[in-house]
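Visitor: Shown below is the structure under consideration.
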Protein chains: 2
Amino acid sequence: MSTINKIAELAKVSRTTVSRVINDSPNVSDAARSRVLKVIEETGYVPSEQAKSLRTKKTKVIGVILPKISTETSSKIVSGLDEVLAPFGYQILLASTNLQKEKEIEFLHLLKVRQVDGIILVATNADESLVKEILQLKKPMVVIGQEIPGVSNVLYGDYHAARDLVSLMINKGHKKIAFIGVDESDVAVGVKRKKGYLDVMQENKLTIEDQWIQKGIFDIDSGYDAMKKILDKSTTIPTAVFAVTDRLAIGAMQCLKEKGFVIPEDIAITGIGASELSQYVTPSLTTVDYLNKQAGREAAKIILQSIQQEEYSINKINLEYRLIERNSL
Amino acid sequence: MSTINKIAELAKVSRTTVSRVINDSPNVSDAARSRVLKVIEETGYVPSEQAKSLRTKKTKVIGVILPKISTETSSKIVSGLDEVLAPFGYQILLASTNLQKEKEIEFLHLLKVRQVDGIILVATNADESLVKEILQLKKPMVVIGQEIPGVSNVLYGDYHAARDLVSLMINKGHKKIAFIGVDESDVAVGVKRKKGYLDVMQENKLTIEDQWIQKGIFDIDSGYDAMKKILDKSTTIPTAVFAVTDRLAIGAMQCLKEKGFVIPEDIAITGIGASELSQYVTPSLTTVDYLNKQAGREAAKIILQSIQQEEYSINKINLEYRLIERNSL
DNA sequence: CTGTTAGCGCGTTCAT
DNA sequence: ATGAACGCGCTAACAG
């Protein structure tokens, strides 16, 4: 690996001049410039980002904290991020919490120490401890998926999407609608989507049996289990089920099919997420598309902007979503 | 951001001593150590990885080059990588080529300039230009998915998996088996899997009509198109189709269903990949599971090892695979 | 046990 | 137009 010094030596100039040539600043004689360029060419020299960063305090790296790497949501977001970041020469440094909340804070620090230029956090909670850390981080950052005061956010329309879906079910004539949710430490998915459901039910003066409300943990199996509980424990079997994620919904569908229910005739079902799966299960799932890739793009734009202008303006974006009506309802 | 100098000053010792305390090397008096620790505690000082890297030539970062971020294969591999890398304090720097071959080489350089400790390349071709670059890179590296001489590889059992699948079809009584492949610049998927198919067909003295062999480009739609061509152009309609990826197979299934064929009674079909989709389509798809997460884990182990021992031993691993028999055959 | 002295590879004044 | 000198924050060799 050749260094700037070696180039200077070979080209018989000072390091400074080499540096000038590289960053094509003015005040270099054509003679000197061409000598330097020639040597650079010959040696295949490339300046070390490493050392450059140490001086400039810029790394051209954006840290991304994900709850889990291997999910459709995550990979679409990252894909969207990369799409707008890459053309500007930024790269993505990944950190996965594997759903352990403490790690979100841990990685926040780690990324800061690594001197990333900005941090994008795909959050699964809005706990006080996390909020506190975020606010004192003093780095350009964007939180996706959870509303956190004092920082830029890219948010999904959780409440309204849930409302739309439940309203749609009611319009189709359903009155007995069950709910499969997730833990409420996840404000966006656990609280807001539930509220959307509860509000619409109440506005329509529909009653909800206690056992119609169950919880899962984001995977297909837990959707299955939740559905089983609803079926086993309810006094009245509902005619429709609103699950807060596609996977939960698909698990529920599995359970229903096994028990011999016909979807949507006996029991209708809807999810959220527009996962690829939702399109190919039978019957295809009515769901809402959250445009995760778009979320990534928006977050990237915000972070670039906030890196440039050096001032931490806070930016709140509410993403569009798209209701996809299919055959499960 | 406080620096080591400030800490030294506050603790009334030299930078060296502070450094010693941080890296808990011996030869520090308890008095000095505790003074330093106290100051560190108070100031919340954390050494800059940045500067440390400049000295030690180690960044604790592994560069990962992917053909596309947002695919099940990629995200599982990355997930496997992270699983073994994270506990050792390594992080992943992402680079996506978006299926542009030239970018593979470009990123190889970029990652080197960024001084990553190692590079993992999920390759989609084994072109000469790429091989050449890899060999002169002088960095610990592992290539996943394509066999490249002179570097460590983690390989899927492309040839044998294809053989197994086609053999299985023949055992089930099929004699007229069509094939949906991909471009042959992708040696693993394009060439090896095809060879598995051709060899088994020949060994069983089964003839193949020209039009039974079609190509797609990895996505569902192109599987659909390929199937359409087979149906439209063949003199004899085959009784089974072997697609080299699940997505291709699922696209083909869509086409068959539309045309009124019953799967697997009229025409059977198989894929490769064990995508989540394959499990939930109707009928569920017979496929082989390539254990991508395991591929990531293995690659990570190799790279860690080759970073430690400082010698670039080359390591070839052939991954296990698992045939999953379901209802499409 | 401790501090001094040197760089790692680069960008940046500030003279010349 | 050019280079000397300095410093980014840290580790490491060498004296003491």
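Residues are named by chain letter and number: chains run A, B, ... in the order of the structure tokens, numbers start at 1 in each chain, and ligands are numbered from 1 in the order shown.
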Taking only C-alpha atoms into account, what are the residues of chain B at most 6 Å from chain A, put as a PyMOL selection string?
Guide: chain B and resi 48-49+69-70+75-76+79+92-94+113-114+277+280-281
Visitor: Identify all chain A residues at most 8 Å from chain D by counting only C-alpha atoms (C1' of nucleotides); ligands do not count. Present them as a ChimeraX atom specification.
Guide: /A:14,16-17,27-29,54-55
Visitor: Return as number ranges by chain the full set of residues in stretch 20-135 of chain B whose backbone-based DSSP assignment is strand (DSSP E).
Guide: B: 61-66, 91-96, 118-122
Visitor: Please provide the set of residues having any atom within 7 Å of B:Ala178, restricted to only C-alpha atoms (C1' of nucleotides), with same-chain residues fewer than 6 positions apart removed, written as a list in words.
Guide: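 After dropping sequence-adjacent residues, the list is Trp212, Ile213, Pro238, Ala240, Val241 and Phe242 of chain B.
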Visitor: Can I get the selected residues back with C-alpha atoms, as an mmCIF file, in the first residue's frame?
Guide:
data_model
loop_
_atom_site.group_PDB
_atom_site.id
_atom_site.type_symbol
_atom_site.label_atom_id
_atom_site.label_comp_id
_atom_site.auth_asym_id
_atom_site.auth_seq_id
_atom_site.Cartn_x
_atom_site.Cartn_y
_atom_site.Cartn_z
ATOM 1 C CA TRP B 212 -38.159 -27.379 -23.153
ATOM 2 C CA ILE B 213 -35.116 -25.412 -22.167
ATOM 3 C CA PRO B 238 -43.728 -31.863 -20.784
ATOM 4 C CA ALA B 240 -42.748 -31.815 -15.302
ATOM 5 C CA VAL B 241 -40.642 -28.674 -15.036
ATOM 6 C CA PHE B 242 -37.427 -28.140 -13.131
#
Visitor: Env of B:Lys301: 9 Å cut, atoms = only C-alpha atoms (C1' of nucleotides), seq-sep filter 4 positions within chain, self excluded. Answer as number ranges by chain.
Guide: B: 81, 84-85, 296-297, 305-306
Visitor: In terms of the shortest atom-to-atom distance over only C-alpha atoms, which of B:Gly251, B:Gly271, B:Pro87, B:Gly223 is closest to B:Leu323?
Guide: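 Using only C-alpha atoms, B:Leu323 sits closest to B:Gly271.
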Visitor: Return the neighbours of chain A among the residues of chain C, cut-off 8 Å, counting only C-alpha atoms (C1' of nucleotides), as a PyMOL selection string.
Guide: chain C and resi 9-11
Visitor: Among stretch 135-225 of chain A, which ones does DSSP place in helix (DSSP H, G or I), written as a count of residues only?
Guide: 41
Visitor: When you look at B:Ala295 with a cut-off of 8 Å (counting only C-alpha atoms (C1' of nucleotides)), what residues show up, excluding the ones that are within fewer than 4 positions of it in the same chain? I need them as a PyMOL selection string.
Guide: chain B and resi 77+80+144+154-155+291+299+319
Visitor: So how many Å separate atom CA of A:Lys132 and atom CA of B:Arg35, to one decimal?
Guide: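 Distance between the two atoms: 28.7 Å.
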